[in-house]
Structures are given as C-alpha cells and as structure tokens.
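Participant: Structure supplied as query.txt; contents: compact mmCIF, C-alpha atoms.
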```
# COMPACT_ATOMS: atom_id res chain seq x y z
CA MET A 84 -21.18 -0.23 24.87
CA ASP A 85 -20.60 -3.92 24.16
CA GLU A 86 -21.74 -3.25 20.61
CA LEU A 87 -18.87 -0.75 20.16
CA TYR A 88 -16.37 -3.33 21.39
CA ARG A 89 -17.88 -5.91 19.02
CA SER A 90 -17.54 -3.38 16.18
CA TYR A 91 -13.89 -2.87 17.04
CA LEU A 92 -13.29 -6.64 17.06
CA SER A 93 -14.98 -6.82 13.66
CA PHE A 94 -12.68 -4.03 12.47
CA LEU A 95 -9.61 -5.97 13.68
CA ARG A 96 -10.77 -9.10 11.87
CA SER A 97 -11.39 -7.12 8.68
CA MET A 98 -7.86 -5.74 8.92
CA SER A 99 -6.51 -9.28 9.33
CA ARG A 100 -8.42 -10.49 6.26
CA GLY A 101 -7.20 -7.48 4.27
CA LEU A 102 -3.59 -8.12 5.26
CA GLU A 103 -3.97 -11.78 4.36
CA SER A 104 -5.25 -10.74 0.94
CA LEU A 105 -2.39 -8.24 0.48
CA THR A 106 0.12 -10.91 1.46
CA GLY A 107 -1.28 -13.20 -1.22
CA LEU A 108 -1.12 -10.39 -3.77
CA ASN A 109 2.50 -9.71 -2.87
CA GLU A 110 3.40 -13.36 -3.30
CA LYS A 111 1.73 -13.32 -6.72
CA LYS A 112 3.56 -10.10 -7.59
CA LEU A 113 6.85 -11.76 -6.66
CA THR A 114 6.06 -14.68 -8.96
CA ALA A 115 5.01 -12.33 -11.79
CA ALA A 116 8.21 -10.30 -11.38
CA GLN A 117 10.34 -13.45 -11.37
CA GLN A 118 8.64 -14.62 -14.58
CA GLU A 119 8.86 -11.12 -16.09
CA ASP A 120 5.07 -11.11 -16.59
CA LEU A 121 4.44 -7.37 -16.88
CA MET A 122 0.75 -7.72 -17.77
CA GLY A 123 0.15 -9.96 -14.77
CA LEU A 124 2.13 -7.59 -12.56
CA ASN A 125 0.06 -4.66 -13.78
CA GLU A 126 -3.19 -6.51 -12.97
CA LEU A 127 -1.90 -7.35 -9.50
CA LEU A 128 -0.96 -3.71 -8.93
CA ASN A 129 -4.51 -2.70 -9.87
CA GLN A 130 -5.87 -5.22 -7.37
CA GLU A 131 -3.51 -3.83 -4.75
CA GLN A 132 -4.85 -0.32 -5.39
CA ALA A 133 -8.39 -1.60 -4.86
CA GLN A 134 -7.26 -3.12 -1.56
CA ALA A 135 -5.79 0.26 -0.57
CA LEU A 136 -9.24 1.80 -0.99
CA ASN A 137 -10.67 -0.91 1.24
CA PHE A 138 -8.06 -0.09 3.87
CA ARG A 139 -8.99 3.58 3.63
CA GLY A 140 -12.55 2.61 4.55
CA LEU A 141 -11.27 0.57 7.47
CA GLU A 142 -9.18 3.52 8.60
CA LEU A 143 -12.30 5.70 8.69
CA THR A 144 -14.05 3.05 10.78
CA ARG A 145 -11.12 2.96 13.19
CA ASP A 146 -11.02 6.75 13.45
CA LYS A 147 -14.69 6.70 14.41
CA LEU A 148 -14.44 3.86 16.93
CA LEU A 149 -11.27 4.82 18.82
CA PRO A 150 -12.65 8.01 20.43
CA GLN A 151 -15.93 6.30 21.31
CA LEU A 152 -14.04 3.53 23.10
CA GLY A 153 -11.47 5.84 24.69
CA LEU A 154 -8.65 4.05 22.89
CA GLU A 155 -7.00 7.04 21.22
CA GLY A 156 -3.24 6.85 21.68
CA VAL A 157 -3.41 3.30 23.08
CA PRO A 158 -0.88 0.96 21.41
CA LEU A 159 -2.46 -2.04 19.69
CA GLU A 160 -0.90 -4.58 22.05
CA GLN A 161 -2.53 -2.80 25.03
CA VAL A 162 -6.02 -2.61 23.50
CA PRO A 163 -7.27 -5.92 25.02
CA CYS A 164 -6.60 -4.55 28.53
CA HIS A 165 -9.18 -1.83 27.87
CA PHE A 166 -11.92 -4.30 26.90
CA PRO A 167 -14.49 -5.65 29.36
CA PRO A 168 -13.12 -8.72 31.18
CA ALA A 169 -15.50 -11.07 29.35
CA MET A 170 -14.16 -9.91 25.97
CA GLN A 171 -10.46 -9.55 26.74
CA GLU A 172 -9.44 -13.02 25.53
CA GLU A 173 -11.29 -12.54 22.25
CA ALA A 174 -9.59 -9.14 21.85
CA ARG A 175 -6.17 -10.66 22.58
CA GLN A 176 -6.74 -13.28 19.89
CA ALA A 177 -7.88 -10.67 17.35
CA VAL A 178 -4.87 -8.44 18.09
CA SER A 179 -2.47 -11.40 17.95
CA GLU A 180 -3.92 -12.55 14.62
CA LEU A 181 -3.62 -9.04 13.21
CA GLN A 182 0.00 -8.76 14.32
CA LEU A 183 0.86 -12.15 12.76
CA ARG A 184 -0.82 -11.16 9.49
CA TYR A 185 1.04 -7.87 9.48
CA ALA A 186 4.40 -9.59 10.04
CA ALA A 187 3.67 -12.00 7.16
CA TYR A 188 2.66 -9.08 4.93
CA ARG A 189 5.84 -7.15 5.74
CA GLN A 190 7.99 -10.16 4.94
CA ALA A 191 6.24 -10.84 1.61
CA SER A 192 6.19 -7.18 0.57
CA GLY A 193 9.87 -6.80 1.46
CA LYS A 194 10.87 -9.68 -0.81
CA THR A 195 8.75 -8.30 -3.64
CA ARG A 196 10.05 -4.76 -3.22
CA ARG A 197 13.67 -5.91 -3.27
CA LEU A 198 13.17 -7.94 -6.47
CA LEU A 199 11.32 -5.08 -8.20
CA GLU A 200 14.05 -2.62 -7.20
CA GLN A 201 16.72 -4.97 -8.58
CA ASN A 202 14.80 -5.26 -11.84
CA LEU A 203 14.43 -1.48 -12.09
CA HIS A 204 18.15 -0.99 -11.52
CA GLN A 205 18.87 -3.51 -14.29
CA VAL A 206 16.51 -1.66 -16.64
CA GLU A 207 18.18 1.66 -15.80
CA SER A 208 21.64 0.23 -16.48
CA VAL A 209 20.50 -1.15 -19.85
CA ILE A 210 19.07 2.27 -20.74
CA VAL A 211 22.38 3.93 -19.85
CA GLN A 212 24.32 1.32 -21.87
CA MET A 213 22.10 2.10 -24.84
CA GLY A 214 23.00 5.79 -24.60
CA GLY A 215 20.11 7.05 -22.50
CA PRO A 216 20.48 9.52 -19.66
CA PRO A 217 21.61 8.13 -16.31
CA SER A 218 19.11 7.96 -13.50
CA GLY A 219 18.83 11.27 -11.72
CA GLY A 220 20.14 13.09 -14.79
CA PRO A 221 18.20 15.44 -16.99
CA GLY A 222 14.70 14.24 -17.77
CA GLY A 223 13.40 12.89 -21.04
CA PRO A 224 11.70 14.78 -23.81
CA GLY A 225 9.35 17.46 -22.60
CA TYR A 226 10.95 17.76 -19.20
CA GLY A 227 13.75 20.21 -19.96
CA LYS A 228 13.96 23.73 -18.63
CA GLU A 229 11.85 26.29 -20.41
CA GLN A 230 13.63 28.30 -23.04
CA GLU A 231 14.31 31.98 -22.41
CA SER A 232 12.25 33.03 -25.43
CA SER A 233 8.50 32.64 -25.19
CA ALA A 234 8.11 32.25 -28.97
CA PRO A 235 6.63 28.94 -30.11
CA PRO A 236 8.83 26.50 -32.00
CA PRO A 237 8.87 26.90 -35.82
CA SER A 238 6.64 23.86 -36.32
CA MET A 239 3.89 25.63 -34.39
CA LYS A 240 4.03 28.95 -36.24
CA THR A 241 1.37 29.81 -38.79
CA ASP A 242 1.84 31.88 -41.92
CA PHE A 243 -1.18 34.17 -42.04
CA ARG A 244 -0.25 35.54 -45.46
CA ALA A 245 -1.31 32.40 -47.23
```
Take the structure in the file and give it back as structure tokens.

Facilitator:
Amino acid sequence: MDELYRSYLSFLRSMSRGLESLTGLNEKKLTAAQQEDLMGLNELLNQEQAQALNFRGLELTRDKLLPQLGLEGVPLEQVPCHFPPAMQEEARQAVSELQLRYAAYRQASGKTRRLLEQNLHQVESVIVQMGGPPSGGPGGPGYGKEQESSAPPPSMKTDFRA
C-alpha cells in the first residue's frame, strides 16, 4: 500500500513540474506577443499542446490511483490527511507545492490571455476599418448559406458537346 502512496506523491510532483513548465511557456508567450513575434508564438503554442498531452497522461495516472487509495471525491487540500502518518508531512509539502505552482500558472496564463485578447480585438477592428465583416457577422468566403439551387456554379460546368 505504501507503494501506491509513493506513486501518488510522484504524480503530484510530476504535476508540479508540468505546471512549472507551463508557467514558463506562458511567460515566453507573453514576451512573444508583446514583441509581435508570431513565429515564436506559434512554436510556443505547439510546445503547450505537447504539454497538454503530458497532462492527459498524468490524468490517466490519477484516475487509476484515486480509487485504489480511496481518495475519490476528496479535495486536494484534504489528501494528506488520508495518508499514513509517516507520510503525511511529505504529502502536505507535495500538495502545497502543487497549489503554489498552480497559482503561479493561473497568474501567468491570465496575463498572457488578456494581452492576446487585446491583440485580437485590435486585429478585428483593423479588419473592420479596412471594409471586412465585423466580428460575429457573416463568415468569410465559403461559409455562406447554401444556395437554393443544387446546380454547380458556371465555372464547374462541363460542355460535353466539345
């Protein structure tokens, strides 16, 4: 049973490392957005997607461990109370570290999200000023409603008499 608790502690530490990595990526995304470095931003978004896959693997680990430890439905801050007395302090530290990393991630991602949203609104306003459709209006080419007639457009018709 101690091995299961050790596995859960390892899971918590992996989550902390993942959140630390995501926080760093968000800070780099903020810098890239401030410098209008779209290629760098794109690369960082790809890295973030790879991290999301890593988190999916961690989620599967968690889903396997929680029932075995009887921790289903137990809030994270109460998890250390369910550990054996000899491991409770280590569990408290792991949970505390995870919560700190999560708070730092939320703060960094919030700043980045706000800046990216501002930039998108500026791009939308420039598009509207240039005569494009307003946001939420009819879509671009290829996204209009289907025409009543099912006949293909003239450019797609073939003259078989030739």

Participant: Any idea what's packed within 12 Å of Tyr185 in chain A, counting all atoms listed in the file, ignoring anything in its chain fewer than 3 positions away? Could you give it as a ChimeraX atom specification?

Facilitator: /A:95,98-106,178-182,188-193

Participant: Leu113 in chain A: which residues within 8 Å, counting all atoms listed in the file, same-chain residues fewer than 5 positions away excluded, as number ranges by chain?

Facilitator: A: 194-195, 198

Participant: Env of range 199-205 of chain A: 12 Å cut, atoms = only C-alpha atoms, seq-sep filter 4 positions within chain, self excluded. Answer as a PyMOL selection string.

Facilitator: chain A and resi 109+112-119+121+124+192-195+209-212+217-218

Participant: Have a look at A:Ser90, A:Asn125, A:Ser208, A:Gln130 and name the one nearest to Arg145 in chain A; count all atoms listed in the file.

Facilitator: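 Answer, going by the shortest atom-to-atom distance: A:Ser90.
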
Participant: From the options A:Phe166, A:Arg196, A:Gly156, A:Leu108, which residue's atoms come nearest to Asn129 in chain A, counting all atoms listed in the file?

Facilitator: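 Closest residue, counting all atoms listed in the file: A:Leu108.
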
Participant: For the atom pair CA of Ala169 in chain A and CA of Glu155 in chain A, what is the interatomic distance in Å to one decimal place?

Facilitator: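 Between these atoms lies a distance of 21.6 Å.
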
Participant: Between CA of Ala174 in chain A and CA of Val162 in chain A, what distance in Å does the model show, to one decimal?

Facilitator: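 For CA of Ala174 in chain A relative to CA of Val162 in chain A, the distance reads 7.6 Å.
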
Participant: Set up a box along x, y and z of the file covering all listed atoms of range 133-146 of chain A, add 8 Å on every one of the six sides, and write the centre and edge lengths in Å to one decimal, as lines of an AutoDock Vina configuration file.

Facilitator:
```
center_x = -9.9
center_y = 1.8
center_z = 4.3
size_x = 24.3
size_y = 25.9
size_z = 34.3
```
